[in-house]
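Asker: The structure file coords-v9.cif (mmCIF, C-alpha atoms) is provided below.
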data_my_file
#
loop_
_atom_site.label_atom_id
_atom_site.label_comp_id
_atom_site.auth_asym_id
_atom_site.auth_seq_id
_atom_site.Cartn_x
_atom_site.Cartn_y
_atom_site.Cartn_z
CA MET M 13 2.04 -18.42 18.62
CA LEU M 14 2.42 -14.65 18.77
CA ILE M 15 5.64 -14.86 16.82
CA PHE M 16 3.70 -16.15 13.81
CA ARG M 17 1.91 -12.81 13.69
CA SER M 18 5.26 -11.02 13.40
CA ILE M 19 6.46 -13.45 10.75
CA ILE M 20 3.31 -12.99 8.68
CA SER M 21 3.60 -9.22 9.01
CA ILE M 22 7.20 -9.33 7.76
CA PHE M 23 6.07 -11.45 4.81
CA LEU M 24 3.30 -8.98 4.01
CA ARG M 25 5.70 -6.08 4.20
CA GLU M 26 8.17 -7.75 1.86
CA TYR M 27 5.43 -8.51 -0.65
CA LEU M 28 4.10 -4.95 -0.51
CA ILE M 29 7.51 -3.41 -1.06
CA THR M 30 8.49 -5.75 -3.89
CA PHE M 31 5.10 -5.43 -5.51
CA ARG M 32 5.23 -1.64 -5.43
CA ASN M 33 8.69 -1.78 -7.02
CA PHE M 34 7.53 -4.19 -9.68
CA TYR M 35 9.67 -2.52 -12.31
CA ASN M 36 12.65 -4.32 -10.75
CA VAL M 37 11.05 -7.65 -11.68
CA LEU M 38 10.21 -6.38 -15.16
CA THR M 39 13.80 -5.21 -15.69
CA VAL M 40 15.07 -8.71 -15.00
CA ILE M 41 12.56 -10.35 -17.35
CA VAL M 42 13.25 -7.87 -20.14
CA PHE M 43 16.98 -8.42 -19.66
CA PHE M 44 16.46 -12.16 -20.00
CA ILE M 45 14.35 -11.96 -23.16
CA LEU M 46 16.63 -9.39 -24.79
CA GLY M 47 19.66 -11.49 -23.94
CA VAL M 48 18.15 -14.51 -25.69
CA LEU M 49 17.22 -12.41 -28.73
CA ILE M 50 20.76 -11.02 -28.95
CA PHE M 51 22.11 -14.56 -28.95
CA VAL M 52 19.74 -15.43 -31.78
CA PHE M 53 20.79 -12.44 -33.85
CA ALA M 54 24.46 -13.09 -33.18
CA ILE M 55 24.46 -16.78 -34.07
CA GLY M 56 22.12 -16.75 -37.03
CA PRO M 57 19.14 -18.80 -38.19
CA ASP M 58 20.70 -22.28 -38.16
CA LYS M 59 18.22 -24.57 -36.38
CA ALA M 60 20.66 -27.43 -35.81
CA ILE M 61 22.96 -25.30 -33.66
CA TYR M 62 20.16 -24.23 -31.31
CA SER M 63 19.15 -27.78 -30.47
CA GLN M 64 22.68 -28.19 -29.11
CA ILE M 65 23.34 -24.86 -27.38
CA GLY M 66 19.81 -23.59 -26.68
CA ILE M 67 19.67 -24.92 -23.12
CA GLY M 68 23.12 -23.50 -22.40
CA ILE M 69 22.05 -20.04 -23.54
CA ILE M 70 18.94 -20.12 -21.36
CA TRP M 71 20.87 -21.18 -18.26
CA THR M 72 23.61 -18.61 -18.78
CA LEU M 73 21.03 -15.85 -18.97
CA ILE M 74 19.10 -17.14 -15.95
CA LEU M 75 22.34 -16.98 -13.97
CA LEU M 76 23.19 -13.47 -15.19
CA SER M 77 19.72 -12.08 -14.56
CA THR M 78 19.66 -13.58 -11.04
CA ASN M 79 22.96 -11.87 -10.43
CA LEU M 80 21.47 -8.62 -11.72
CA SER M 81 18.31 -8.72 -9.62
CA LEU M 82 19.39 -9.91 -6.23
CA LYS M 83 22.68 -8.11 -5.71
CA LYS M 84 21.04 -5.63 -3.39
CA LEU M 85 18.78 -8.01 -1.49
CA TYR M 86 19.64 -6.54 1.93
CA GLN M 87 21.08 -3.16 0.97
CA ASP M 88 17.94 -1.03 1.39
CA ASP M 89 17.00 -2.54 4.74
CA PHE M 90 20.57 -2.10 5.91
CA ASN M 91 20.86 1.55 4.89
CA ASP M 92 17.67 2.71 6.61
CA GLY M 93 18.32 0.73 9.79
CA ASN M 94 15.58 -1.84 9.39
CA LEU M 95 17.98 -4.74 9.89
CA ILE M 96 18.87 -3.25 13.29
CA LEU M 97 15.15 -3.02 14.03
CA PHE M 98 14.73 -6.71 13.21
CA TYR M 99 17.78 -7.51 15.33
CA ILE M 100 16.27 -5.67 18.28
CA SER M 101 12.75 -7.03 17.81
CA GLY M 102 13.88 -10.45 19.00
CA ILE M 103 13.15 -12.34 15.79
CA SER M 104 16.29 -14.17 14.79
CA LEU M 105 18.08 -12.84 11.73
CA GLU M 106 18.18 -16.36 10.30
CA LEU M 107 14.39 -16.25 10.09
CA ILE M 108 14.53 -12.88 8.35
CA VAL M 109 16.99 -14.34 5.82
CA ILE M 110 14.65 -17.28 5.13
CA ILE M 111 11.72 -14.89 4.62
CA LYS M 112 13.81 -12.74 2.28
CA ILE M 113 14.88 -15.78 0.26
CA ILE M 114 11.31 -17.02 -0.12
CA THR M 115 10.05 -13.59 -1.22
CA ALA M 116 12.92 -13.11 -3.63
CA TRP M 117 12.33 -16.53 -5.12
CA VAL M 118 8.60 -15.94 -5.58
CA PHE M 119 9.03 -12.54 -7.19
CA PHE M 120 12.26 -12.84 -9.14
CA GLN M 121 12.40 -16.52 -10.11
CA LEU M 122 8.82 -17.73 -10.48
CA PRO M 123 8.08 -15.40 -13.44
CA PHE M 124 10.71 -17.37 -15.37
CA LEU M 125 8.40 -20.39 -15.30
CA ILE M 126 6.16 -18.51 -17.75
CA ILE M 127 8.96 -16.89 -19.73
CA ILE M 128 11.11 -20.00 -20.24
CA PRO M 129 8.57 -21.94 -22.41
CA ILE M 130 8.10 -18.86 -24.60
CA VAL M 131 11.85 -18.41 -24.99
CA CYS M 132 12.18 -22.13 -25.76
CA LEU M 133 10.03 -21.58 -28.86
CA ILE M 134 12.51 -19.00 -30.12
CA LEU M 135 15.45 -21.32 -29.49
CA ASN M 136 13.82 -24.39 -31.06
CA VAL M 137 13.85 -26.55 -27.89
CA THR M 138 11.68 -29.69 -28.08
CA THR M 139 8.75 -30.29 -25.70
CA ASP M 140 10.28 -33.14 -23.68
CA LYS M 141 13.32 -30.97 -23.09
CA ILE M 142 11.15 -28.05 -21.96
CA ILE M 143 9.59 -30.23 -19.25
CA LEU M 144 13.02 -31.29 -18.00
CA LEU M 145 14.25 -27.70 -18.19
CA ILE M 146 11.40 -26.49 -16.01
CA LEU M 147 12.01 -29.33 -13.55
CA THR M 148 15.70 -28.44 -13.22
CA PHE M 149 14.80 -24.78 -12.98
CA ILE M 150 12.48 -25.43 -10.03
CA ILE M 151 15.29 -27.26 -8.23
CA SER M 152 18.16 -24.96 -9.18
CA SER M 153 16.59 -21.52 -8.86
CA PRO M 154 16.32 -21.68 -5.04
CA ILE M 155 20.05 -22.49 -5.03
CA LEU M 156 20.74 -19.38 -7.09
CA THR M 157 18.56 -17.30 -4.75
CA ALA M 158 20.41 -18.69 -1.74
CA LEU M 159 23.74 -17.84 -3.36
CA SER M 160 22.51 -14.31 -4.06
CA SER M 161 21.49 -14.01 -0.43
CA ILE M 162 25.03 -14.94 0.63
CA SER M 163 26.64 -12.51 -1.78
CA GLY M 164 24.11 -9.80 -0.94
CA SER M 165 24.86 -10.07 2.77
CA MET M 166 28.59 -10.10 2.06
CA ASN M 167 28.20 -6.93 0.01
CA LEU M 168 26.97 -5.18 3.17
CA LEU M 169 30.47 -5.46 4.58
CA ASN M 170 31.89 -3.21 1.88
CA ASN M 171 29.45 -0.86 0.27
CA LYS M 172 31.52 0.09 -2.74
CA ASN M 173 32.77 -3.07 -4.39
CA PHE M 174 30.06 -5.38 -5.68
CA ALA M 175 32.48 -7.45 -7.74
CA ILE M 176 33.27 -9.88 -4.90
CA GLY M 177 29.63 -10.80 -4.56
CA SER M 178 29.26 -11.46 -8.27
CA VAL M 179 32.40 -13.59 -8.31
CA ILE M 180 31.01 -15.71 -5.47
CA ILE M 181 27.71 -16.27 -7.26
CA ILE M 182 29.36 -17.18 -10.55
CA LEU M 183 32.00 -19.47 -9.01
CA PHE M 184 29.54 -21.41 -6.88
CA SER M 185 26.96 -21.70 -9.62
CA ILE M 186 29.33 -23.52 -11.99
CA PRO M 187 28.36 -26.99 -10.64
CA ILE M 188 24.69 -26.02 -10.77
CA ILE M 189 25.00 -24.99 -14.41
CA ILE M 190 26.95 -28.16 -15.28
CA PHE M 191 24.34 -30.49 -13.82
CA SER M 192 21.30 -28.49 -14.95
CA VAL M 193 22.44 -28.39 -18.56
CA ASN M 194 23.74 -31.96 -18.55
CA ILE M 195 20.48 -33.44 -17.26
CA ILE M 196 18.64 -32.13 -20.29
CA ASN M 197 21.22 -33.22 -22.85
CA SER M 198 22.06 -36.65 -21.36
CA THR M 199 20.43 -40.06 -21.85
CA THR M 200 17.40 -41.06 -19.76
CA VAL M 201 19.44 -43.40 -17.53
CA LEU M 202 21.53 -40.54 -16.27
CA VAL M 203 18.66 -38.16 -15.49
CA THR M 204 17.74 -39.42 -12.00
CA PRO M 205 21.29 -39.53 -10.52
CA GLN M 206 22.03 -36.01 -11.69
CA LEU M 207 18.69 -34.75 -10.35
CA ASN M 208 19.64 -36.33 -7.01
CA ILE M 209 22.95 -34.48 -7.00
CA LEU M 210 21.13 -31.19 -7.72
CA LEU M 211 18.66 -31.89 -4.91
CA GLY M 212 21.61 -32.58 -2.62
CA ILE M 213 23.16 -29.22 -3.47
CA LEU M 214 19.78 -27.57 -2.85
CA MET M 215 19.50 -29.16 0.61
CA LEU M 216 23.04 -28.12 1.47
CA PHE M 217 22.44 -24.50 0.53
CA LEU M 218 19.04 -24.32 2.24
CA ALA M 219 20.76 -25.53 5.39
CA ILE M 220 23.79 -23.26 5.41
CA THR M 221 22.56 -20.03 3.79
CA PRO M 222 20.54 -18.64 6.74
CA TRP M 223 23.52 -19.02 9.07
CA ILE M 224 26.05 -17.50 6.69
CA SER M 225 23.84 -14.56 5.72
CA ALA M 226 22.76 -13.86 9.30
CA THR M 227 26.36 -13.88 10.50
CA CYS M 228 27.39 -11.49 7.71
CA ILE M 229 24.50 -9.17 8.59
CA LYS M 230 25.47 -9.23 12.27
CA ILE M 231 29.06 -8.30 11.42
CA ALA M 232 27.85 -5.56 9.08
CA ILE M 233 25.56 -4.08 11.77
CA ARG M 234 28.48 -4.01 14.20
CA ASN M 235 30.76 -2.28 11.70
CA LYS M 236 28.36 0.31 10.34
CA MET O 13 17.70 0.08 35.64
CA LEU O 14 20.64 0.55 33.30
CA LEU O 15 24.14 0.56 34.74
CA THR O 16 27.42 0.96 32.93
CA ASN O 17 30.80 0.26 34.35
CA ASN O 18 33.94 2.00 33.07
CA LEU O 19 32.83 2.10 29.44
CA SER O 20 35.48 3.02 26.94
CA PHE O 21 35.70 2.73 23.21
CA LYS O 22 38.62 2.67 20.82
CA ARG O 23 38.60 3.05 17.04
CA GLY O 24 41.89 1.68 15.85
CA SER O 25 44.41 3.18 18.24
CA LYS O 26 42.35 6.30 18.90
CA THR O 27 40.36 6.40 22.13
CA ILE O 28 36.96 7.98 21.55
CA PHE O 29 35.99 8.11 25.22
CA HIS O 30 36.89 6.33 28.42
CA ASN O 31 35.60 5.56 31.90
CA ILE O 32 31.95 6.42 31.41
CA ASN O 33 29.79 5.38 34.34
CA ILE O 34 26.07 5.84 33.83
CA SER O 35 23.39 4.83 36.26
CA LEU O 36 19.96 5.25 34.78
CA SER O 37 17.30 4.49 37.33
CA PRO O 38 13.54 4.76 36.75
CA LYS O 39 12.07 8.27 36.43
CA LYS O 40 15.37 9.59 35.15
CA ILE O 41 16.22 11.37 31.89
CA ILE O 42 19.81 11.70 30.70
CA GLN O 43 20.93 13.92 27.85
CA ILE O 44 24.23 13.18 26.12
CA LYS O 45 25.88 16.41 25.04
CA GLY O 46 28.95 17.22 23.03
CA ARG O 47 30.21 18.66 19.80
CA ASN O 48 29.92 16.95 16.43
CA GLY O 49 32.04 13.87 16.02
CA ILE O 50 32.74 13.37 19.71
CA GLY O 51 31.03 9.97 19.79
CA LYS O 52 27.42 10.51 20.86
CA THR O 53 26.03 8.09 18.31
CA THR O 54 28.79 5.60 19.12
CA LEU O 55 27.91 5.72 22.82
CA ILE O 56 24.23 5.26 21.99
CA LYS O 57 25.02 2.26 19.80
CA ILE O 58 27.08 0.75 22.60
CA LEU O 59 24.25 1.29 25.08
CA SER O 60 21.88 -0.40 22.60
CA ASN O 61 24.09 -3.49 22.48
CA ILE O 62 24.83 -2.99 18.78
CA LEU O 63 28.48 -2.03 19.13
CA VAL O 64 30.74 -3.77 21.63
CA PRO O 65 32.71 -1.51 24.00
CA SER O 66 36.49 -1.90 24.26
CA THR O 67 36.31 -2.16 28.03
CA GLY O 68 33.50 -2.08 30.53
CA GLU O 69 30.16 -3.80 30.95
CA ILE O 70 26.54 -2.73 30.71
CA TYR O 71 23.93 -4.18 33.04
CA TRP O 72 20.18 -4.11 32.65
CA ASN O 73 18.41 -4.93 35.93
CA GLY O 74 21.56 -6.57 37.20
CA LYS O 75 22.10 -8.73 34.15
CA ASN O 76 24.83 -8.27 31.59
CA ILE O 77 23.19 -7.19 28.33
CA LYS O 78 25.73 -9.11 26.28
CA LYS O 79 24.64 -12.40 27.83
CA ASP O 80 20.93 -11.64 28.24
CA SER O 81 20.52 -9.60 25.09
CA HIS O 82 17.06 -11.05 24.47
CA LEU O 83 15.82 -9.81 27.82
CA PHE O 84 17.33 -6.39 27.20
CA PHE O 85 15.93 -6.06 23.68
CA LYS O 86 12.45 -6.78 25.03
CA ASN O 87 12.64 -3.70 27.22
CA PHE O 88 13.95 -0.89 25.10
CA THR O 89 13.03 1.25 22.12
CA TYR O 90 15.78 2.54 19.90
CA ILE O 91 15.20 5.56 17.68
CA MET O 92 18.06 5.74 15.23
CA ASP O 93 19.47 8.66 13.28
CA THR O 94 18.09 6.94 10.17
CA ASN O 95 14.39 6.66 9.34
CA THR O 96 13.23 3.08 9.57
CA SER O 97 9.84 3.70 7.98
CA LYS O 98 9.66 2.13 4.54
CA ILE O 99 9.16 4.72 1.80
CA ASP O 100 7.01 2.45 -0.35
CA MET O 101 4.44 1.91 2.39
CA THR O 102 1.80 4.28 3.71
CA ILE O 103 1.95 5.73 7.22
CA TYR O 104 -0.75 3.40 8.43
CA GLU O 105 0.90 0.32 6.93
CA ASN O 106 4.18 1.23 8.60
CA ILE O 107 2.49 1.64 11.96
CA LEU O 108 0.59 -1.60 11.57
CA PHE O 109 3.83 -3.38 10.71
CA TRP O 110 5.61 -2.04 13.80
CA LYS O 111 2.64 -2.98 15.93
CA LYS O 112 2.81 -6.58 14.78
CA LEU O 113 6.60 -6.80 14.72
CA PHE O 114 6.91 -5.69 18.33
CA LEU O 115 3.80 -7.61 19.41
CA SER O 116 2.30 -4.41 20.76
CA SER O 117 -1.12 -4.24 22.33
CA ILE O 118 -1.86 -0.67 21.26
CA SER O 119 -5.47 -0.24 20.22
CA ASP O 120 -6.70 1.22 16.92
CA GLN O 121 -8.19 4.12 18.85
CA MET O 122 -4.81 4.94 20.36
CA ILE O 123 -3.17 4.90 16.93
CA GLU O 124 -5.91 7.20 15.65
CA SER O 125 -5.46 9.71 18.46
CA LEU O 126 -1.68 9.53 18.17
CA LEU O 127 -1.86 10.40 14.47
CA ASN O 128 -4.35 13.16 15.25
CA LEU O 129 -2.04 14.61 17.87
CA LEU O 130 0.93 14.65 15.50
CA GLN O 131 -1.23 16.01 12.65
CA LEU O 132 -0.42 12.99 10.51
CA ASN O 133 -4.01 11.83 10.20
CA ILE O 134 -4.66 13.46 6.83
CA TYR O 135 -1.66 11.64 5.39
CA LYS O 136 -2.64 8.29 6.87
CA ASN O 137 -2.90 6.60 3.47
CA VAL O 138 -0.10 8.53 1.80
CA MET O 139 3.15 6.74 1.03
CA VAL O 140 6.07 7.81 3.17
CA LYS O 141 8.13 8.86 0.14
CA TYR O 142 5.78 11.80 -0.44
CA LEU O 143 6.20 13.17 3.11
CA SER O 144 8.61 15.86 4.26
CA TYR O 145 11.58 15.13 6.51
CA GLY O 146 9.87 16.48 9.62
CA GLU O 147 6.80 14.36 9.03
CA ILE O 148 8.94 11.25 8.57
CA ARG O 149 10.71 12.00 11.86
CA LYS O 150 7.33 12.40 13.58
CA LEU O 151 6.30 9.02 12.22
CA GLU O 152 9.56 7.60 13.55
CA LEU O 153 8.78 8.94 17.03
CA CYS O 154 5.39 7.19 16.88
CA ARG O 155 7.36 4.00 17.46
CA LEU O 156 7.93 5.09 21.07
CA MET O 157 4.22 4.94 21.75
CA ILE O 158 3.65 1.79 19.72
CA GLU O 159 6.36 -0.29 21.34
CA GLN O 160 5.47 0.77 24.92
CA LYS O 161 8.84 -0.17 26.40
CA LYS O 162 10.47 1.00 29.63
CA LEU O 163 13.80 2.27 28.35
CA TRP O 164 14.04 4.75 25.50
CA ILE O 165 17.36 5.28 23.75
CA LEU O 166 17.02 8.14 21.29
CA ASP O 167 19.52 9.49 18.81
CA GLU O 168 18.77 13.13 17.88
CA PRO O 169 15.02 12.92 18.52
CA TYR O 170 14.54 16.66 18.05
CA SER O 171 15.92 16.91 14.53
CA GLY O 172 13.34 18.17 12.06
CA LEU O 173 10.54 18.72 14.59
CA ASP O 174 8.52 21.94 14.57
CA GLU O 175 7.70 23.91 17.72
CA LEU O 176 4.35 22.23 18.37
CA THR O 177 5.75 18.73 18.03
CA THR O 178 8.75 19.63 20.18
CA ASN O 179 6.37 20.65 22.98
CA ILE O 180 4.34 17.48 22.56
CA PHE O 181 7.53 15.44 22.64
CA ASN O 182 8.76 17.20 25.79
CA GLU O 183 5.47 16.39 27.50
CA THR O 184 5.78 12.78 26.37
CA LEU O 185 9.25 12.59 27.90
CA ILE O 186 8.00 14.01 31.21
CA ASN O 187 5.01 11.66 31.24
CA HIS O 188 7.17 8.68 30.48
CA SER O 189 9.65 9.48 33.23
CA GLN O 190 6.84 10.08 35.75
CA ASN O 191 5.42 6.66 34.92
CA GLY O 192 8.68 5.02 35.89
CA GLY O 193 10.30 5.04 32.46
CA MET O 194 13.89 5.77 31.60
CA VAL O 195 15.16 7.96 28.78
CA ILE O 196 18.64 8.54 27.44
CA PHE O 197 19.01 10.75 24.41
CA SER O 198 21.54 12.80 22.51
CA SER O 199 20.71 16.23 21.17
CA HIS O 200 22.05 19.70 20.51
CA PHE O 201 18.70 21.10 21.55
CA TYR O 202 18.24 21.79 25.26
CA PRO O 203 14.65 21.03 26.20
CA PRO O 204 13.16 23.02 29.09
CA ILE O 205 12.75 20.01 31.38
CA THR O 206 14.22 20.50 34.83
CA SER O 207 14.74 16.86 35.69
CA ILE O 208 17.18 16.19 32.85
CA GLU O 209 20.67 15.13 33.86
CA ASP O 210 23.55 16.04 31.60
CA LEU O 211 26.26 13.75 30.35
CA PRO O 212 28.87 16.02 28.73
CA LEU O 213 31.01 13.72 26.61
CA GLU O 214 33.82 16.30 26.51
CA HIS O 215 34.75 15.28 30.05
CA TYR O 216 35.34 11.71 28.99
CA ALA O 217 37.07 12.32 25.69
CA ASN O 218 40.73 11.62 25.39
CA ILE O 219 42.67 14.87 25.25
#
Show this structure as structure tokens.
Answerer:
Amino acid sequence: MLIFRSIISIFLREYLITFRNFYNVLTVIVFFILGVLIFVFAIGPDKAIYSQIGIGIIWTLILLSTNLSLKKLYQDDFNDGNLILFYISGISLELIVIIKIITAWVFFQLPFLIIIPIVCLILNVTTDKIILLILTFIISSPILTALSSISGSMNLLNNKNFAIGSVIIILFSIPIIIFSVNIINSTTVLVTPQLNILLGILMLFLAITPWISATCIKIAIRNK
Amino acid sequence: MLLTNNLSFKRGSKTIFHNINISLSPKKIIQIKGRNGIGKTTLIKILSNILVPSTGEIYWNGKNIKKDSHLFFKNFTYIMDTNTSKIDMTIYENILFWKKLFLSSISDQMIESLLNLLQLNIYKNVMVKYLSYGEIRKLELCRLMIEQKKLWILDEPYSGLDELTTNIFNETLINHSQNGGMVIFSSHFYPPITSIEDLPLEHYANI
């Protein structure tokens, strides 16, 4: 039971730190909105085009802003030795990774739930599509966070080159993008099977991410 | 009791040190000495079970720390050369976090008197990023009292401390060793404690 006290204290600490660096969250949201606006200015005021590519634009920018925000998920804690402290404290690193993923999801992905409907107005997306978009976002965003956790922990192994991490995120998120966009644009019969596939991918990543990230962190601690 | 057996460490093909035998029994303080870059921090990381030695084993109370790492981690405090306090949290929040993370039973009164002793009490609700280096190091040393473990492994504990804090820290070391604790630390400062045993790393370095 005592371990729950430690877990809650780690949660609290993560929330405090992220909350006091709230400008990081704002940066991501501003990047997202500006990206959508730039698309609008670049393509022009033709409404018919947006009903076809609107969802694609939104998903591309969600992916890019996730990549922007979570690249350094573990970097600060690694540099000041806090990961070693966690390692010594007896709480398994897998648990730390899960806590980090939950915090990152709450702070960096949940705000999109408010922003996406607003952006949908700009891109002329209909209401029934907005509902589906939010549903796919709720399923797919934890996958993106998990992927960022993997790439973030891999980035610890080399502290100069962040390109490898970005490549991993973008490569692995191709299937997520394909299904998330297709669900919204396909006929009603095909919605449930594709949602099931997305849920399957989510389960897979929730299962493997803590192990992969924790192993990467352990190797990084050993090599520091 | 911490025992090491023929410890040696290689980086690539270069041997950093070899055949180190340490026996750290209760009430003993060991100081690791040596010039810059000779491997003091490396040795400390090996003793903390963070790096793996090339040859040799380390035993804590007769058990190999590689196999029973959980048992070993429960019994030692590690002060690193980096500052583990979070800069976006206040002193008190940091201390409270450590207290809960290490499941410590230190009372609020103890924390209060500890902060008073180290003259950190006026900054209790100030974020760590506004403190000076010496004050951050003092906060780091608070972890020794919060965790209340038997074995202390300290990397450069004297860096940044003023004269008053150095004296307080010396007394803490003596008290800890008299209560059956064990200390191993690296420093270029030679504290005036008679019971300290030296471990000159020059003798073990590969020439």
Asker: For the PyMOL selection byres ((chain M) within 10 of (chain O)), applied here, can you spell out every residue it catches as a ChimeraX atom specification?
Answerer: /M:14-22,24-25,28-33,88-103,230-231,233-236
Asker: Write out as JSON, numbers by chain which residues come within 12 Å of Trp164 of chain O when counting only C-alpha atoms, dropping same-chain ones fewer than 3 positions away.
Answerer: {"O": [13, 14, 36, 38, 39, 40, 41, 42, 43, 56, 59, 60, 84, 85, 86, 87, 88, 89, 90, 91, 92, 153, 155, 156, 157, 159, 160, 161, 167, 169, 184, 185, 188, 189, 192, 193, 194, 195, 196, 197, 198]}
Asker: Once the PyMOL selection byres ((chain M and resi 168) around 10) has been evaluated on this model, what residues remain selected, and can you format them as a PyMOL selection string?
Answerer: chain M and resi 84-87+90-91+163-167+169-174+177+228-229+231-233+235-236
Asker: Please report, as lines of an AutoDock Vina configuration file, the centre and edge lengths in Å to one decimal of an axis-aligned box covering all listed atoms of segment 65-74 of chain M with 3 Å per side.
Answerer:
center_x = 21.3
center_y = -20.4
center_z = -21.7
size_x = 10.7
size_y = 15.1
size_z = 17.4
Asker: When the PyMOL selection byres ((chain O and resi 69) around 12) is applied to the file above, which residues end up in the set, as number ranges by chain?
Answerer: O: 14-21, 31-34, 58-59, 61, 64-68, 70-72, 74-79
Asker: Do a neighbour search on Ile134 of chain O at 12 Å with only C-alpha atoms, toss out local chain neighbours closer than 3 positions, and write the hits as a list in words.
Answerer: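 Once the adjacent positions are removed, what remains is Thr102, Ile103, Tyr104, Glu124, Leu127, Asn128, Leu129, Leu130, Gln131, Asn137, Val138, Met139, Leu143 and Glu147 of chain O.
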